[in-house]
Amino acid sequence: MDMIEKNYQRWLNSPVVDENTKNEIKSMNEEEKADAFFKDAEFGTAGMRGILGPGTNRLNIFTVRKSTIAFGKYLLEKYKKDACVRGVVISHDNRFMSREFTLDTAETLNKMGINTFIFDSLRPTPELSFAVRELHAVGGVMITASHNPKEYNGYKVYDENGCQLVPYRIERLLEILATLPDELSCVVEEAEVKGKNIILDKEIDDKYVDAVLSIRLNPDLDKSNFKVVYTPQHGTSFIPAMKMFEKAGYKDNIFPVEKQCTPDPNFPNTLSPNPEEKSAYIEPIKLAKDIDADLIVMTDPDADRVGLAFKNKDGEYELLTGNQSGGLLIDYILGQRKEKGLLSNKGVMYNTIVTSTFGTKIAKSYGVKTVSLLTGFKFIGDAVEESLKNNGPHYEFGYEESYGCLIDTFARDKDAQQALLMFVEMALYHKRNGKTLDVVMDELQQKFNYYNDTQFSIFFKGAEGPSMMDKLMDDLRGDIREIAGFKVTRVEDYENSVAKNSNGTEELITLPKSNVLKFFLGEDITISIRPSGTEPKCKFYYGVNAKSKEEVKSLPKKLHDALLEKVGL
C-alpha cells in the first residue's frame, strides 16, 4: 500500500475523524485524494501554509494542533516555567477556520500549562508582533494565509522579540515536531496546573496605533484638497487603519472602498486580495476616478503589505511595483531624516537578495549602507535584534520587493500600518511641492538609472510538484554560460554556499543555506530563482537597469523565455 492510500485509509478508519469529514474524503477524486494525502503538511522556516480541508497535506484542526503541541514543547524546553507565566500571544486574519484554529491553539497551550493572550476578533500580523513585545510573551502564533486565495490558511510562529522564527531558532522546533506521532494520534500531555486564556482589551490596539503615529516626519502638512482611496481587501486592517488615519488628521482625506471593508473569507468583492496582482486594483481605481483621488493604498488580508497606485501628471492611474514604491519611500524617509538632522551617520538598510538595487543606490546617496539578506522578512527582523543587542549599525529601513516594509522597530515583521501612514504622508509632501509620484520616480531614475524589476512564477501542483521543482533547480545549477546572448559573469548558489565567477574564482556565501540561485549578467542584469516557501511554485526575479526606459522595457520577458528554453520548459 503506497503512502497516499495508507494515509487515506487511516483517516477513513480513525475514530477521531467525524462522519461528515469522512464523507468529504470519500467524495474526493483521485487527483484530490493524491494531493491531500501524498505527504504531511510541511512546517518549514516560513511556518505552515496550505489548502484547508481533511488530509495529511491540508490545514485542519489535527495538523494545526500537532504544530501547536510541538511549539508548546519547544517553549517549555527553552523557557521552563517562564513560558507558562509569560505566555503566548495568538492572533488571526479573516480566513475560513482562522478563529477555530486560534481557539484550539489557545486551548492546547493552556492544557500544556501555558498562558495565552488572544484578541476578541481578527487583528493585523504586525499588531501580533507588537503585542508579543509589549506583553513580554515568550512567543506568538499568527493564523493567516496572507495574500493567498480563499482556499488557503496558514500558521506562523514568533519568538519573544516578535520576529518569525529564523532557521537557527526553528531547528529545535522541527526536531520536536519530527518526534511526534501522526496528526490523528498526537495528544496533549496535560500539565497539573493549566494555563489561562486572557482576552486582550483595547489598550493594546491603542498603544499600537500610537506607536505607528510616532513615526511621522511631517505631521503638520496642509491636508486640504488631497484624496486617498483605501481598501483592506476584506482583511484585518480596516479598524486600526481608520483609527490611525483619524488620529493623524486624515479623517476627511480617506475614502474607503466600502464593499471591500467588511472582513469576509470569501473575498466576494475583489478578484484578488494580493497587492501584486493588477486585478486587486479594479474597484479602488473605479472609486479613485469617481472622486478624482490622488493616491490608492491597499493592504493584503493580514495587513503586513501595502500596494500603491497614484494619479500621474497626465491624470491617469499608475500601479507601482514593490521595488518602485520601496525606492520612493526610502528617498522620502532618508531625505527628510537628513534634512531634520535625524539620520544616523552609521545607518543601515536591510533588503533581500531578490530586491532591486534601485533602493540600494538611493540609500547609498544618503550615506546609508545596505545589507541584503535571504528572502523572508524574519531575516530582517532578526538582523534588527542582533544589531540592537550588539550596538551595531543604526536601523533606518527594511523592505522586500513584495510590498512589505518596516520603518520603526516596535514591530519585528513587515508592517502595513506604518507603510500606509508614510505612503500617504509621502504623496502629500510631494503634492505640496507640485509633484506627482511619476515625476518623482523619473527624477530618481534619471539620477540612478532606469529600472525594470519583473517577477514570473511557474506552478508545480500535485504529488509530482516537489520533484519537478527539484529537477528544475538541478537543471539551473548546470553549466549555463549565457542567457539571451548575455554572458553569465557570476552565479551565487545559496544552497551550496558558493559564488562562482566566470574567471574561475569562487567565494564563500556566509548567509544561511537556502535553495536560491542568482545569476549576474554583467553589472546591469540579475536573475534570481527560488522555490516558494509557502506555495507550490518557483519564482523568477529579473532585475535590469539602463540609462533609458526603452532599453529596459522588454528585456525581462526575453530573458525569462531564453532561460526556460535552456531547461526544457
# chains A, B, ... in the order shown; residues from 1 in each chain; ligands from 1
$ closest_atom_pairs --of "range 2-31 of chain A" --to "range 61-71 of chain A" --cutoff "12 Å" --atoms "only C-alpha atoms" --output "JSON lines"
{"residue": "A:Trp11", "atom": "CA", "partner": "A:Phe62", "partner_atom": "CA", "distance": 10.9}
{"residue": "A:Val16", "atom": "CA", "partner": "A:Phe62", "partner_atom": "CA", "distance": 9.5}
{"residue": "A:Val17", "atom": "CA", "partner": "A:Phe62", "partner_atom": "CA", "distance": 9.4}
{"residue": "A:Asp18", "atom": "CA", "partner": "A:Ile61", "partner_atom": "CA", "distance": 11.9}
{"residue": "A:Thr21", "atom": "CA", "partner": "A:Ile61", "partner_atom": "CA", "distance": 11.7}
$ select_by_dssp --residues "range 360-510 of chain A" --states "helix (DSSP H, G or I)" --output "MDAnalysis selection string"
chainID A and resid 360:365 377:389 416:432 437:448 465:476
$ residues_around --residues "range 448-464 of chain A" --least-positions-apart "4" --cutoff "6 Å" --atoms "only C-alpha atoms" --output "ChimeraX atom specification"
/A:35,536-549,552
$ write_last_selection --atoms "N, CA and C atoms" --output "compact mmCIF listing (two decimals), in the first residue's frame"
# COMPACT_ATOMS: atom_id res chain seq x y z
N ASP A 35 -3.35 14.67 -3.79
CA ASP A 35 -2.79 15.91 -3.28
C ASP A 35 -3.03 16.08 -1.78
N PRO A 536 3.15 26.07 -4.01
CA PRO A 536 3.81 25.12 -4.93
C PRO A 536 4.23 25.79 -6.22
N LYS A 537 5.16 26.73 -6.12
CA LYS A 537 5.60 27.43 -7.31
C LYS A 537 7.05 27.85 -7.18
N CYS A 538 7.66 28.10 -8.32
CA CYS A 538 9.03 28.61 -8.36
C CYS A 538 8.97 30.03 -8.89
N LYS A 539 9.66 30.94 -8.21
CA LYS A 539 9.63 32.35 -8.57
C LYS A 539 10.92 32.75 -9.29
N PHE A 540 10.77 33.53 -10.34
CA PHE A 540 11.90 34.06 -11.11
C PHE A 540 11.87 35.59 -11.01
N TYR A 541 12.96 36.17 -10.54
CA TYR A 541 13.06 37.62 -10.37
C TYR A 541 14.08 38.16 -11.36
N TYR A 542 13.66 39.10 -12.20
CA TYR A 542 14.55 39.69 -13.20
C TYR A 542 14.75 41.16 -12.86
N GLY A 543 15.99 41.56 -12.74
CA GLY A 543 16.32 42.95 -12.47
C GLY A 543 17.24 43.49 -13.55
N VAL A 544 16.77 44.51 -14.27
CA VAL A 544 17.60 45.11 -15.32
C VAL A 544 17.60 46.62 -15.12
N ASN A 545 18.71 47.24 -15.46
CA ASN A 545 18.77 48.70 -15.40
C ASN A 545 19.62 49.23 -16.54
N ALA A 546 19.25 50.43 -17.01
CA ALA A 546 19.96 51.06 -18.12
C ALA A 546 19.69 52.56 -18.07
N LYS A 547 20.26 53.29 -19.00
CA LYS A 547 20.15 54.75 -18.97
C LYS A 547 18.86 55.28 -19.62
N SER A 548 18.06 54.39 -20.23
CA SER A 548 16.81 54.85 -20.85
C SER A 548 15.70 53.85 -20.58
N LYS A 549 14.44 54.33 -20.59
CA LYS A 549 13.28 53.48 -20.36
C LYS A 549 13.16 52.41 -21.44
N VAL A 552 15.09 49.02 -21.06
CA VAL A 552 14.78 48.06 -20.00
C VAL A 552 13.37 47.45 -20.12
$ select_by_dssp --residues "range 184-379 of chain A" --states "strand (DSSP E or B)" --output "ChimeraX atom specification"
/A:197-199,228-231,254-256,295-299,306-311,317-320,347-352,369-373
$ write_last_selection --atoms "N, CA and C atoms" --output "compact mmCIF listing (two decimals), in the first residue's frame"
# COMPACT_ATOMS: atom_id res chain seq x y z
N ASN A 197 -6.43 31.50 29.50
CA ASN A 197 -6.61 32.21 28.23
C ASN A 197 -7.18 33.60 28.52
N ILE A 198 -6.42 34.63 28.17
CA ILE A 198 -6.78 36.01 28.51
C ILE A 198 -7.16 36.76 27.24
N ILE A 199 -8.35 37.37 27.25
CA ILE A 199 -8.79 38.18 26.12
C ILE A 199 -8.20 39.58 26.26
N VAL A 228 -7.41 60.18 -0.79
CA VAL A 228 -6.79 58.86 -0.81
C VAL A 228 -7.86 57.79 -0.78
N VAL A 229 -7.82 56.88 -1.75
CA VAL A 229 -8.69 55.70 -1.73
C VAL A 229 -7.96 54.59 -0.98
N TYR A 230 -8.67 53.94 -0.08
CA TYR A 230 -8.06 52.90 0.77
C TYR A 230 -8.95 51.65 0.78
N THR A 231 -8.34 50.48 0.70
CA THR A 231 -9.07 49.23 0.86
C THR A 231 -8.26 48.22 1.66
N ILE A 254 -9.54 60.31 3.57
CA ILE A 254 -9.55 58.88 3.27
C ILE A 254 -10.92 58.44 2.80
N PHE A 255 -10.95 57.75 1.64
CA PHE A 255 -12.20 57.26 1.06
C PHE A 255 -12.11 55.74 0.91
N PRO A 256 -12.70 54.99 1.86
CA PRO A 256 -12.60 53.53 1.78
C PRO A 256 -13.44 52.95 0.64
N LEU A 295 -4.25 59.29 -4.65
CA LEU A 295 -3.50 58.10 -4.26
C LEU A 295 -4.44 56.95 -3.96
N ILE A 296 -3.98 55.72 -4.22
CA ILE A 296 -4.69 54.50 -3.82
C ILE A 296 -3.74 53.67 -2.97
N VAL A 297 -4.20 53.26 -1.79
CA VAL A 297 -3.41 52.36 -0.94
C VAL A 297 -4.25 51.16 -0.56
N MET A 298 -3.64 49.98 -0.55
CA MET A 298 -4.35 48.78 -0.14
C MET A 298 -3.44 47.88 0.68
N THR A 299 -4.04 47.19 1.63
CA THR A 299 -3.31 46.19 2.40
C THR A 299 -3.76 44.80 1.95
N VAL A 306 1.59 46.58 1.68
CA VAL A 306 0.80 47.68 1.11
C VAL A 306 1.09 47.81 -0.38
N GLY A 307 0.01 47.80 -1.18
CA GLY A 307 0.12 48.09 -2.60
C GLY A 307 -0.23 49.54 -2.87
N LEU A 308 0.31 50.10 -3.94
CA LEU A 308 0.20 51.53 -4.19
C LEU A 308 -0.13 51.80 -5.66
N ALA A 309 -1.06 52.73 -5.88
CA ALA A 309 -1.32 53.29 -7.21
C ALA A 309 -1.54 54.79 -7.03
N PHE A 310 -1.38 55.56 -8.09
CA PHE A 310 -1.46 57.01 -7.95
C PHE A 310 -1.89 57.64 -9.27
N LYS A 311 -2.39 58.86 -9.17
CA LYS A 311 -2.73 59.64 -10.37
C LYS A 311 -1.48 60.34 -10.87
N TYR A 317 -4.17 56.66 -13.83
CA TYR A 317 -3.75 55.94 -12.62
C TYR A 317 -2.71 54.87 -12.95
N GLU A 318 -1.60 54.93 -12.25
CA GLU A 318 -0.48 54.00 -12.44
C GLU A 318 -0.29 53.15 -11.20
N LEU A 319 0.10 51.89 -11.42
CA LEU A 319 0.46 51.00 -10.31
C LEU A 319 1.97 51.02 -10.12
N LEU A 320 2.40 50.85 -8.90
CA LEU A 320 3.82 50.76 -8.60
C LEU A 320 4.17 49.34 -8.15
N GLY A 347 24.03 54.50 9.61
CA GLY A 347 22.75 53.90 9.29
C GLY A 347 22.87 52.68 8.39
N VAL A 348 21.90 51.78 8.53
CA VAL A 348 21.85 50.58 7.69
C VAL A 348 20.42 50.37 7.20
N MET A 349 20.30 49.90 5.98
CA MET A 349 19.02 49.47 5.43
C MET A 349 19.14 47.99 5.10
N TYR A 350 18.12 47.22 5.43
CA TYR A 350 18.09 45.80 5.10
C TYR A 350 17.11 45.55 3.97
N ASN A 351 17.54 44.75 3.00
CA ASN A 351 16.62 44.25 1.98
C ASN A 351 16.92 42.77 1.75
N THR A 352 16.50 42.21 0.63
CA THR A 352 16.73 40.79 0.38
C THR A 352 17.54 40.61 -0.90
N LYS A 369 24.22 52.38 4.46
CA LYS A 369 24.69 51.10 3.94
C LYS A 369 23.52 50.13 3.77
N THR A 370 23.58 49.27 2.74
CA THR A 370 22.54 48.26 2.54
C THR A 370 23.12 46.87 2.80
N VAL A 371 22.40 46.07 3.55
CA VAL A 371 22.75 44.67 3.78
C VAL A 371 21.63 43.81 3.21
N SER A 372 21.97 42.91 2.28
CA SER A 372 20.98 42.05 1.65
C SER A 372 20.95 40.69 2.34
N LEU A 373 19.75 40.26 2.69
CA LEU A 373 19.55 39.01 3.43
C LEU A 373 18.70 38.05 2.60
$ closest_residue --among "A:Val157, A:Ala145, A:Met3, A:Leu103" --to "Glu535 in chain A" --atoms "only C-alpha atoms"
A:Ala145
$ closest_residue --among "A:Lys6, A:His92, A:Lys22, A:Arg49" --to "Ala34 in chain A" --atoms "only C-alpha atoms"
A:Lys6
$ residues_around --residues "Lys223 in chain A" --least-positions-apart "3" --cutoff "8 Å" --atoms "only C-alpha atoms" --output "list of chain:residue names"
A:Phe226, A:Tyr250, A:Asn253, A:Leu428
$ write_last_selection --atoms "N, CA and C atoms" --output "PDB file, in the first residue's frame"
ATOM      1  N   PHE A 226      -6.749  66.902  -0.919  1.00  0.00           N
ATOM      2  CA  PHE A 226      -5.916  65.692  -1.051  1.00  0.00           C
ATOM      3  C   PHE A 226      -6.798  64.490  -0.731  1.00  0.00           C
ATOM      4  N   TYR A 250      -6.242  62.761   9.014  1.00  0.00           N
ATOM      5  CA  TYR A 250      -6.640  62.473   7.636  1.00  0.00           C
ATOM      6  C   TYR A 250      -8.109  62.045   7.516  1.00  0.00           C
ATOM      7  N   ASN A 253      -9.732  62.932   4.373  1.00  0.00           N
ATOM      8  CA  ASN A 253      -8.946  62.655   3.170  1.00  0.00           C
ATOM      9  C   ASN A 253      -9.061  61.209   2.693  1.00  0.00           C
ATOM     10  N   LEU A 428       1.450  63.250  -0.052  1.00  0.00           N
ATOM     11  CA  LEU A 428       1.006  64.602   0.285  1.00  0.00           C
ATOM     12  C   LEU A 428       2.177  65.584   0.244  1.00  0.00           C
TER      13      LEU A 428
END
$ residues_around --residues "Asp493 in chain A" --least-positions-apart "6" --cutoff "12 Å" --atoms "only C-alpha atoms" --output "list in words"
Ile353, Leu374, Met473, Asp474, Leu476, Arg477, Gly478, Ala499, Lys500, Asn501, Glu506, Glu507, Leu508, Ile509, Thr510, Leu511, Pro512, Lys513, Ser514, Asn515, Val516, Leu517, Lys518, Phe519, Phe520, Ser528, Ile529 and Arg530 of chain A
$ residues_around --residues "Thr108 in chain A" --least-positions-apart "2" --cutoff "8 Å" --atoms "only C-alpha atoms" --output "number ranges by chain"
A: 65, 68-69, 104-106, 110-112, 188
$ write_last_selection --atoms "N, CA, C and O atoms" --output "mmCIF file, in the first residue's frame"
data_model
loop_
_atom_site.group_PDB
_atom_site.id
_atom_site.type_symbol
_atom_site.label_atom_id
_atom_site.label_comp_id
_atom_site.auth_asym_id
_atom_site.auth_seq_id
_atom_site.Cartn_x
_atom_site.Cartn_y
_atom_site.Cartn_z
ATOM 1 N N ARG A 65 -3.112 21.398 15.351
ATOM 2 C CA ARG A 65 -2.907 21.025 16.761
ATOM 3 C C ARG A 65 -1.548 20.357 16.962
ATOM 4 O O ARG A 65 -0.864 20.598 17.960
ATOM 5 N N THR A 68 0.963 22.994 17.153
ATOM 6 C CA THR A 68 0.863 23.707 18.431
ATOM 7 C C THR A 68 1.509 22.913 19.561
ATOM 8 O O THR A 68 2.209 23.482 20.410
ATOM 9 N N ILE A 69 1.298 21.609 19.571
ATOM 10 C CA ILE A 69 1.925 20.769 20.596
ATOM 11 C C ILE A 69 3.448 20.859 20.491
ATOM 12 O O ILE A 69 4.153 20.992 21.501
ATOM 13 N N ASP A 104 -8.426 26.736 19.262
ATOM 14 C CA ASP A 104 -7.846 25.420 19.523
ATOM 15 C C ASP A 104 -6.375 25.532 19.920
ATOM 16 O O ASP A 104 -5.902 24.794 20.801
ATOM 17 N N THR A 105 -5.667 26.470 19.309
ATOM 18 C CA THR A 105 -4.269 26.701 19.679
ATOM 19 C C THR A 105 -4.170 27.173 21.123
ATOM 20 O O THR A 105 -3.313 26.694 21.888
ATOM 21 N N ALA A 106 -5.038 28.092 21.514
ATOM 22 C CA ALA A 106 -5.048 28.576 22.897
ATOM 23 C C ALA A 106 -5.384 27.446 23.864
ATOM 24 O O ALA A 106 -4.723 27.278 24.895
ATOM 25 N N ASN A 110 -2.955 25.996 26.731
ATOM 26 C CA ASN A 110 -3.457 26.058 28.112
ATOM 27 C C ASN A 110 -3.371 24.698 28.787
ATOM 28 O O ASN A 110 -2.976 24.589 29.959
ATOM 29 N N LYS A 111 -3.751 23.649 28.082
ATOM 30 C CA LYS A 111 -3.651 22.295 28.635
ATOM 31 C C LYS A 111 -2.206 21.934 28.987
ATOM 32 O O LYS A 111 -1.960 21.182 29.931
ATOM 33 N N MET A 112 -1.271 22.497 28.246
ATOM 34 C CA MET A 112 0.150 22.247 28.493
ATOM 35 C C MET A 112 0.684 23.135 29.608
ATOM 36 O O MET A 112 1.876 23.084 29.932
ATOM 37 N N VAL A 188 -2.319 15.832 23.621
ATOM 38 C CA VAL A 188 -1.688 16.808 24.508
ATOM 39 C C VAL A 188 -1.309 16.142 25.833
ATOM 40 O O VAL A 188 -2.115 15.443 26.444
#
$ closest_residue --among "A:Ala178, A:Lys471, A:Thr270, A:Ile525" --to "Leu569 in chain A" --atoms "only C-alpha atoms"
A:Lys471
